[in-house]
Each structure stands twice: as structure tokens, then as C-alpha cells.
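Note: the block below is run.pdb and it holds PDB, C-alpha atoms.
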```pdb
ATOM      1  CA  MET A  30      84.350  63.426 122.442
ATOM      2  CA  THR A  31      87.842  64.907 122.618
ATOM      3  CA  VAL A  32      88.736  67.794 120.375
ATOM      4  CA  GLU A  33      92.126  67.736 118.694
ATOM      5  CA  ARG A  34      93.726  71.131 118.111
ATOM      6  CA  ILE A  35      96.297  71.547 115.330
ATOM      7  CA  TYR A  36      98.340  74.715 114.777
ATOM      8  CA  VAL A  37      97.732  75.212 111.053
ATOM      9  CA  PHE A  38      98.085  78.893 110.177
ATOM     10  CA  LYS A  39     101.293  80.677 111.109
ATOM     11  CA  ARG A  40     101.278  84.287 112.281
ATOM     12  CA  PHE A  41     102.435  85.670 108.926
ATOM     13  CA  GLU A  42      99.779  83.681 107.048
ATOM     14  CA  ARG A  43      97.081  85.176 109.242
ATOM     15  CA  LEU A  44      98.499  88.709 108.907
ATOM     16  CA  TRP A  45      98.804  88.275 105.135
ATOM     17  CA  HIS A  46      95.287  86.837 104.831
ATOM     18  CA  TRP A  47      93.542  89.605 106.799
ATOM     19  CA  SER A  48      95.640  92.411 105.249
ATOM     20  CA  GLN A  49      94.906  91.076 101.770
ATOM     21  CA  ALA A  50      91.194  90.697 102.561
ATOM     22  CA  THR A  51      91.006  94.257 103.915
ATOM     23  CA  LEU A  52      92.778  95.697 100.867
ATOM     24  CA  ILE A  53      90.618  93.721  98.409
ATOM     25  CA  ILE A  54      87.382  94.762 100.118
ATOM     26  CA  PHE A  55      88.572  98.373 100.212
ATOM     27  CA  MET A  56      89.493  98.198  96.522
ATOM     28  CA  LEU A  57      86.032  96.814  95.708
ATOM     29  CA  ILE A  58      84.434  99.699  97.624
ATOM     30  CA  THR A  59      86.565 102.402  95.996
ATOM     31  CA  GLY A  60      86.557 100.704  92.592
ATOM     32  CA  PHE A  61      82.784 100.499  92.369
ATOM     33  CA  GLU A  62      82.626 104.159  93.341
ATOM     34  CA  VAL A  63      85.077 105.027  90.553
ATOM     35  CA  HIS A  64      82.766 103.020  88.290
ATOM     36  CA  GLY A  65      79.916 105.315  89.354
ATOM     37  CA  SER A  66      77.882 102.813  91.376
ATOM     38  CA  TYR A  67      77.494 105.159  94.377
ATOM     39  CA  HIS A  68      79.041 108.204  96.049
ATOM     40  CA  LEU A  69      81.101 107.755  99.214
ATOM     41  CA  PHE A  70      84.518 109.426  98.926
ATOM     42  CA  GLY A  71      84.040 111.300  95.659
ATOM     43  CA  PHE A  72      85.513 110.230  92.324
ATOM     44  CA  ALA A  73      88.967 111.836  92.727
ATOM     45  CA  LYS A  74      89.483 110.625  96.305
ATOM     46  CA  ALA A  75      88.150 107.133  95.502
ATOM     47  CA  THR A  76      90.542 106.907  92.526
ATOM     48  CA  SER A  77      93.484 107.975  94.680
ATOM     49  CA  LEU A  78      92.584 105.574  97.504
ATOM     50  CA  HIS A  79      92.040 102.740  95.021
ATOM     51  CA  THR A  80      95.491 103.312  93.522
ATOM     52  CA  ILE A  81      97.172 103.449  96.952
ATOM     53  CA  ALA A  82      95.432 100.214  97.976
ATOM     54  CA  ALA A  83      96.478  98.552  94.691
ATOM     55  CA  TRP A  84     100.151  99.432  95.193
ATOM     56  CA  SER A  85      99.887  98.301  98.836
ATOM     57  CA  LEU A  86      98.452  94.968  97.718
ATOM     58  CA  ILE A  87     101.236  94.533  95.163
ATOM     59  CA  GLY A  88     103.798  95.170  97.916
ATOM     60  CA  LEU A  89     102.051  92.684 100.198
ATOM     61  CA  TRP A  90     101.952  90.078  97.415
ATOM     62  CA  ILE A  91     105.661  90.500  96.629
ATOM     63  CA  PHE A  92     106.491  89.949 100.292
ATOM     64  CA  ALA A  93     104.037  87.020 100.534
ATOM     65  CA  ILE A  94     105.482  85.371  97.411
ATOM     66  CA  PHE A  95     108.979  85.674  98.908
ATOM     67  CA  TRP A  96     107.699  84.177 102.195
ATOM     68  CA  HIS A  97     105.914  81.302 100.435
ATOM     69  CA  ILE A  98     108.997  80.452  98.367
ATOM     70  CA  THR A  99     111.502  80.631 101.246
ATOM     71  CA  THR A 100     109.323  78.648 103.672
ATOM     72  CA  GLY A 101     108.124  76.059 101.154
ATOM     73  CA  GLU A 102     104.494  76.999 101.845
ATOM     74  CA  TRP A 103     103.940  77.433  98.095
ATOM     75  CA  LYS A 104     103.356  73.667  98.046
ATOM     76  CA  GLN A 105     100.023  74.282  99.820
ATOM     77  CA  TYR A 106      98.647  75.628  96.533
ATOM     78  CA  ILE A 107      99.622  72.799  94.190
ATOM     79  CA  PRO A 108      96.302  71.775  92.627
ATOM     80  CA  THR A 109      94.957  68.269  92.898
ATOM     81  CA  THR A 110      91.792  66.599  91.706
ATOM     82  CA  ASP A 111      91.891  64.029  94.518
ATOM     83  CA  LYS A 112      88.634  64.284  96.516
ATOM     84  CA  VAL A 113      87.321  67.211  94.403
ATOM     85  CA  VAL A 114      84.051  65.384  93.733
ATOM     86  CA  ALA A 115      83.717  64.581  97.442
ATOM     87  CA  MET A 116      84.251  68.269  98.290
ATOM     88  CA  ILE A 117      81.650  69.397  95.740
ATOM     89  CA  GLN A 118      79.167  66.887  97.154
ATOM     90  CA  PHE A 119      79.920  68.042 100.695
ATOM     91  CA  TYR A 120      79.494  71.754  99.901
ATOM     92  CA  SER A 121      76.353  71.219  97.810
ATOM     93  CA  VAL A 122      74.567  68.594  99.935
ATOM     94  CA  GLY A 123      76.666  67.332 102.851
ATOM     95  CA  ILE A 124      76.716  70.524 104.910
ATOM     96  CA  PHE A 125      72.914  70.483 104.919
ATOM     97  CA  THR A 126      72.720  66.846 106.096
ATOM     98  CA  ASN A 127      75.503  66.957 108.741
ATOM     99  CA  ALA A 128      77.716  64.695 106.629
ATOM    100  CA  PRO A 129      81.319  64.370 107.825
ATOM    101  CA  HIS A 130      83.780  66.737 106.188
ATOM    102  CA  PRO A 131      85.844  64.768 103.624
ATOM    103  CA  PHE A 132      88.993  66.816 104.306
ATOM    104  CA  LYS A 133      90.918  67.411 107.512
ATOM    105  CA  ALA A 134      93.368  70.299 107.565
ATOM    106  CA  THR A 135      96.944  69.662 108.709
ATOM    107  CA  GLN A 136     100.122  71.720 108.665
ATOM    108  CA  LEU A 137     101.175  69.901 105.494
ATOM    109  CA  LYS A 138      97.764  70.193 103.780
ATOM    110  CA  LYS A 139      95.972  73.347 104.850
ATOM    111  CA  HIS A 140      93.664  73.716 101.857
ATOM    112  CA  ASN A 141      91.198  71.189 100.532
ATOM    113  CA  PRO A 142      91.352  70.245  96.816
ATOM    114  CA  LEU A 143      88.502  72.589  95.867
ATOM    115  CA  GLN A 144      90.181  75.496  97.669
ATOM    116  CA  ARG A 145      93.422  74.783  95.826
ATOM    117  CA  LEU A 146      91.630  74.888  92.466
ATOM    118  CA  ALA A 147      89.782  78.087  93.423
ATOM    119  CA  TYR A 148      93.030  79.783  94.515
ATOM    120  CA  LEU A 149      94.641  78.655  91.266
ATOM    121  CA  GLY A 150      91.782  80.294  89.342
ATOM    122  CA  VAL A 151      92.280  83.527  91.272
ATOM    123  CA  LEU A 152      96.037  83.369  90.745
ATOM    124  CA  LEU A 153      95.988  82.524  87.040
ATOM    125  CA  PHE A 154      92.826  84.256  85.802
ATOM    126  CA  ILE A 155      91.120  86.802  88.068
ATOM    127  CA  GLY A 156      94.345  88.318  89.413
ATOM    128  CA  PRO A 157      96.024  88.832  86.029
ATOM    129  CA  LEU A 158      92.790  90.182  84.527
ATOM    130  CA  LEU A 159      92.553  92.781  87.300
ATOM    131  CA  TRP A 160      96.238  93.660  87.362
ATOM    132  CA  PHE A 161      96.759  94.028  83.609
ATOM    133  CA  SER A 162      93.543  95.957  83.041
ATOM    134  CA  GLY A 163      94.242  98.094  86.119
ATOM    135  CA  TRP A 164      97.769  98.775  84.938
ATOM    136  CA  PHE A 165      96.511  99.890  81.507
ATOM    137  CA  TYR A 166      93.834 101.995  83.184
ATOM    138  CA  LEU A 167      96.336 103.622  85.570
ATOM    139  CA  PHE A 168      98.838 104.443  82.840
ATOM    140  CA  PHE A 169      96.303 105.585  80.240
ATOM    141  CA  GLY A 170      98.367 108.745  79.632
ATOM    142  CA  GLU A 171     101.346 106.653  78.494
ATOM    143  CA  TRP A 172      99.508 104.703  75.801
ATOM    144  CA  ASN A 173     100.758 106.947  72.984
ATOM    145  CA  ALA A 174     104.371 106.445  74.027
ATOM    146  CA  TRP A 175     103.820 102.687  74.216
ATOM    147  CA  GLY A 176     102.098 102.596  70.829
ATOM    148  CA  VAL A 177      99.071 100.728  72.156
ATOM    149  CA  ASP A 178      96.451 103.456  71.767
ATOM    150  CA  GLN A 179      95.475 102.215  68.324
ATOM    151  CA  TYR A 180      94.911  98.652  69.571
ATOM    152  CA  VAL A 181      93.219  99.154  72.944
ATOM    153  CA  SER A 182      90.193 101.228  73.912
ATOM    154  CA  LEU A 183      89.740 102.642  77.411
ATOM    155  CA  GLU A 184      86.142 101.394  77.433
ATOM    156  CA  TRP A 185      87.300  97.802  76.913
ATOM    157  CA  VAL A 186      89.979  98.151  79.600
ATOM    158  CA  ALA A 187      87.332  99.479  82.010
ATOM    159  CA  PHE A 188      84.955  96.654  81.024
ATOM    160  CA  PHE A 189      87.530  93.919  81.703
ATOM    161  CA  HIS A 190      88.645  95.561  84.952
ATOM    162  CA  THR A 191      85.037  95.757  86.155
ATOM    163  CA  ALA A 192      84.364  92.160  85.052
ATOM    164  CA  GLY A 193      87.408  91.076  87.062
ATOM    165  CA  ALA A 194      86.116  93.032  90.067
ATOM    166  CA  PHE A 195      82.776  91.212  89.886
ATOM    167  CA  MET A 196      84.607  87.873  89.669
ATOM    168  CA  MET A 197      86.651  88.807  92.738
ATOM    169  CA  LEU A 198      83.452  89.830  94.542
ATOM    170  CA  LEU A 199      81.867  86.454  93.709
ATOM    171  CA  PHE A 200      84.995  84.677  94.962
ATOM    172  CA  LEU A 201      84.862  86.737  98.168
ATOM    173  CA  ILE A 202      81.185  85.912  98.765
ATOM    174  CA  ALA A 203      81.783  82.181  98.151
ATOM    175  CA  HIS A 204      84.894  82.278 100.340
ATOM    176  CA  VAL A 205      83.048  83.883 103.252
ATOM    177  CA  TYR A 206      80.094  81.504 102.844
ATOM    178  CA  LEU A 207      82.327  78.428 102.843
ATOM    179  CA  THR A 208      84.048  79.557 106.051
ATOM    180  CA  THR A 209      80.788  78.624 107.768
ATOM    181  CA  ALA A 210      81.136  74.978 106.670
ATOM    182  CA  GLY A 211      83.272  73.928 109.644
ATOM    183  CA  HIS A 212      82.130  71.929 112.640
ATOM    184  CA  THR A 213      80.699  75.237 113.882
ATOM    185  CA  PRO A 214      79.804  78.245 111.693
ATOM    186  CA  THR A 215      82.759  80.247 113.066
ATOM    187  CA  ALA A 216      85.389  77.475 113.406
ATOM    188  CA  HIS A 217      87.285  78.322 110.201
ATOM    189  CA  ILE A 218      87.200  82.048 110.909
ATOM    190  CA  ARG A 219      88.482  81.427 114.441
ATOM    191  CA  ALA A 220      91.291  79.263 112.997
ATOM    192  CA  MET A 221      92.353  82.120 110.714
ATOM    193  CA  ILE A 222      92.449  84.440 113.747
ATOM    194  CA  THR A 223      94.195  82.151 116.252
ATOM    195  CA  GLY A 224      96.027  79.772 113.907
ATOM    196  CA  TRP A 225      94.529  76.716 115.638
ATOM    197  CA  GLU A 226      92.183  74.395 113.769
ATOM    198  CA  GLU A 227      89.950  72.096 115.833
TER     199      GLU A 227
END
```
Encoded form using C-alpha cells:
Amino acid sequence: MTVERIYVFKRFERLWHWSQATLIIFMLITGFEVHGSYHLFGFAKATSLHTIAAWSLIGLWIFAIFWHITTGEWKQYIPTTDKVVAMIQFYSVGIFTNAPHPFKATQLKKHNPLQRLAYLGVLLFIGPLLWFSGWFYLFFGEWNAWGVDQYVSLEWVAFFHTAGAFMMLLFLIAHVYLTTAGHTPTAHIRAMITGWEE
């Protein structure tokens, strides 16, 4: 059997992916410490590191959005329901029975329909929940000047920010698990390192 290799992920995509992943994992670590789940850096240091990572991620996202728009790669994230049922069946049953993967990645279609819907959920729901609640949390001292202190409580902001963090953690766990669903358990991870999909 011959193996076809396709160059799917460009250098910037791989840099953006791993930088984003590192920042998100670091923000989960520091954020759960700020929440009081454990002691690693100390509250003040964890808060400072969390804020630096958040601003770094915003900078990365601004650059990535610019790159996606100017290269046309934003089209990779247009949601579709075509083959969604087949993908759900594959991930829930097919990977355990050696069924063929219903989606083949190409340069024009890098993400399967289920991935596109998941990324849309992150983009439209989890991301905004984290960013808006984090922004309110970060600028708590300005609430009086903004006139929002009578409408918003810090406890609710913290609750929604933490709920968003748990959603992001669940997405991360599912994302890592599904990377093992290639023709070998490390094929998708290798593709995101080298750019070549087999």
C-alpha cells in the first residue's frame, strides 16, 4: 500500500496552533490557581501571569485573524452539516471497529465538518464568554466609572469566567483525544508538527 503525503498545514498555522495551545493551557493552569484550586505560583503571581498570557493570546489572535483574512484560510472554518452524521458515527463507533475515516484532509478542506462546528462553537460561544467575563474581571476597578456596578456582580463574572474555563478544558480534552483518531494514534499530531498529512 502506497502512502500519499499532502502538505496541509503551513508553517504559520503550526506556529499559531502550538502557541495558542501553550497559552491556553498556561491560562488554565494560572486561572485555576487564581480560582483557588491549588497553589503553584501564588495568587498574585498567578494573576499577573494569567493577565500577561491573556494579552499575548489576544495579540496572537489579532495577527492570526489578519493572516486568515489575507490568505483566504478563513474559508476553512465555514461550517457545514455535510457528513456530520458520518463523523459522529466514526468518532463514537468507527474508530473502535477500524472503519475507514469518512473525511480526507486536503489543502482546500483541512477540517472535517465536526471540527468546523466545534471551532465555530469555540469562536462564537466559549471565546466570547471567556473574553467578556475576563475583561470585566480585569477592569473591576473601572466599573463605577462605566456605571455597570449596579447591574453586574463580581461573583457572577467569576462564575461565568470559570464556567468558560471548564468548557475550554473540555474542548481541549476532546481535541487531544480526537487527534488519536488518525491512521495511527500520532498521525494527526505529527501532521501539526511537520505540516504533512499522510
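For the structure in this document, the set picked by the PyMOL selection byres ((chain A and resi 204) around 12) is A:Ala50, A:Tyr120, A:Leu143, A:Gln144, A:Ala147, A:Tyr148, A:Val151, A:Met197, A:Leu198, A:Leu199, A:Phe200, A:Leu201, A:Ile202, A:Ala203, A:Val205, A:Tyr206, A:Leu207, A:Thr208, A:Thr209, A:Ala210, A:His217, A:Ile218.
Within 8 Å of Leu52 of chain A, once only C-alpha atoms are used and residues closer than 4 positions along the same chain are dropped, the contacting residues are Ser48, Met56, Ala82, Ala83, Ser85 and Leu86 of chain A.
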Result set of the PyMOL selection byres ((chain A and resi 124) around 12) on the coordinates above, as a count of residues only | 25
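Every residue that the PyMOL selection byres ((chain A and resi 104) around 12) selects in this file is listed here: Ile94, His97, Ile98, Thr99, Thr100, Gly101, Glu102, Trp103, Gln105, Tyr106, Ile107, Pro108, Thr109, Gln136, Leu137, Lys138, Lys139, His140 and Arg145 of chain A.
Interatomic distance, atom CA of Trp225 of chain A against atom CA of Val32 of chain A: 11.6 Å.
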Kindly add N, CA, C and O atoms to the incomplete segment 142-155 of chain A and provide the output as a CSV table (one decimal), keeping the file's coordinate frame.
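File produced: result.csv:
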```csv
chain,number,residue,atom,x,y,z
A,142,PRO,N,91.1,70.2,98.3
A,142,PRO,CA,91.4,70.2,96.8
A,142,PRO,C,90.5,71.3,96.1
A,142,PRO,O,91.0,71.9,95.1
A,143,LEU,N,89.3,71.6,96.5
A,143,LEU,CA,88.5,72.6,95.9
A,143,LEU,C,89.1,74.0,96.1
A,143,LEU,O,89.1,74.8,95.2
A,144,GLN,N,89.5,74.2,97.4
A,144,GLN,CA,90.2,75.5,97.7
A,144,GLN,C,91.4,75.7,96.8
A,144,GLN,O,91.6,76.8,96.3
A,145,ARG,N,92.2,74.7,96.6
A,145,ARG,CA,93.4,74.8,95.8
A,145,ARG,C,93.1,75.2,94.4
A,145,ARG,O,93.7,76.0,93.8
A,146,LEU,N,92.0,74.6,93.8
A,146,LEU,CA,91.6,74.9,92.5
A,146,LEU,C,91.1,76.3,92.4
A,146,LEU,O,91.3,77.0,91.4
A,147,ALA,N,90.3,76.7,93.4
A,147,ALA,CA,89.8,78.1,93.4
A,147,ALA,C,90.9,79.1,93.5
A,147,ALA,O,90.9,80.1,92.8
A,148,TYR,N,91.9,78.9,94.4
A,148,TYR,CA,93.0,79.8,94.5
A,148,TYR,C,93.8,79.8,93.2
A,148,TYR,O,94.4,80.9,92.9
A,149,LEU,N,93.9,78.7,92.5
A,149,LEU,CA,94.6,78.7,91.3
A,149,LEU,C,93.9,79.5,90.2
A,149,LEU,O,94.5,80.3,89.5
A,150,GLY,N,92.6,79.4,90.2
A,150,GLY,CA,91.8,80.3,89.3
A,150,GLY,C,92.0,81.8,89.6
A,150,GLY,O,92.1,82.6,88.7
A,151,VAL,N,92.0,82.1,90.9
A,151,VAL,CA,92.3,83.5,91.3
A,151,VAL,C,93.7,83.9,90.8
A,151,VAL,O,93.9,85.0,90.2
A,152,LEU,N,94.6,83.1,91.1
A,152,LEU,CA,96.0,83.4,90.7
A,152,LEU,C,96.3,83.5,89.2
A,152,LEU,O,97.0,84.3,88.8
A,153,LEU,N,95.7,82.6,88.5
A,153,LEU,CA,96.0,82.5,87.0
A,153,LEU,C,95.0,83.3,86.2
A,153,LEU,O,95.3,83.6,85.0
A,154,PHE,N,93.8,83.6,86.7
A,154,PHE,CA,92.8,84.3,85.8
A,154,PHE,C,92.3,85.6,86.4
A,154,PHE,O,92.5,86.6,85.8
A,155,ILE,N,91.7,85.6,87.5
A,155,ILE,CA,91.1,86.8,88.1
A,155,ILE,C,92.2,87.8,88.4
A,155,ILE,O,92.1,89.0,88.0
```
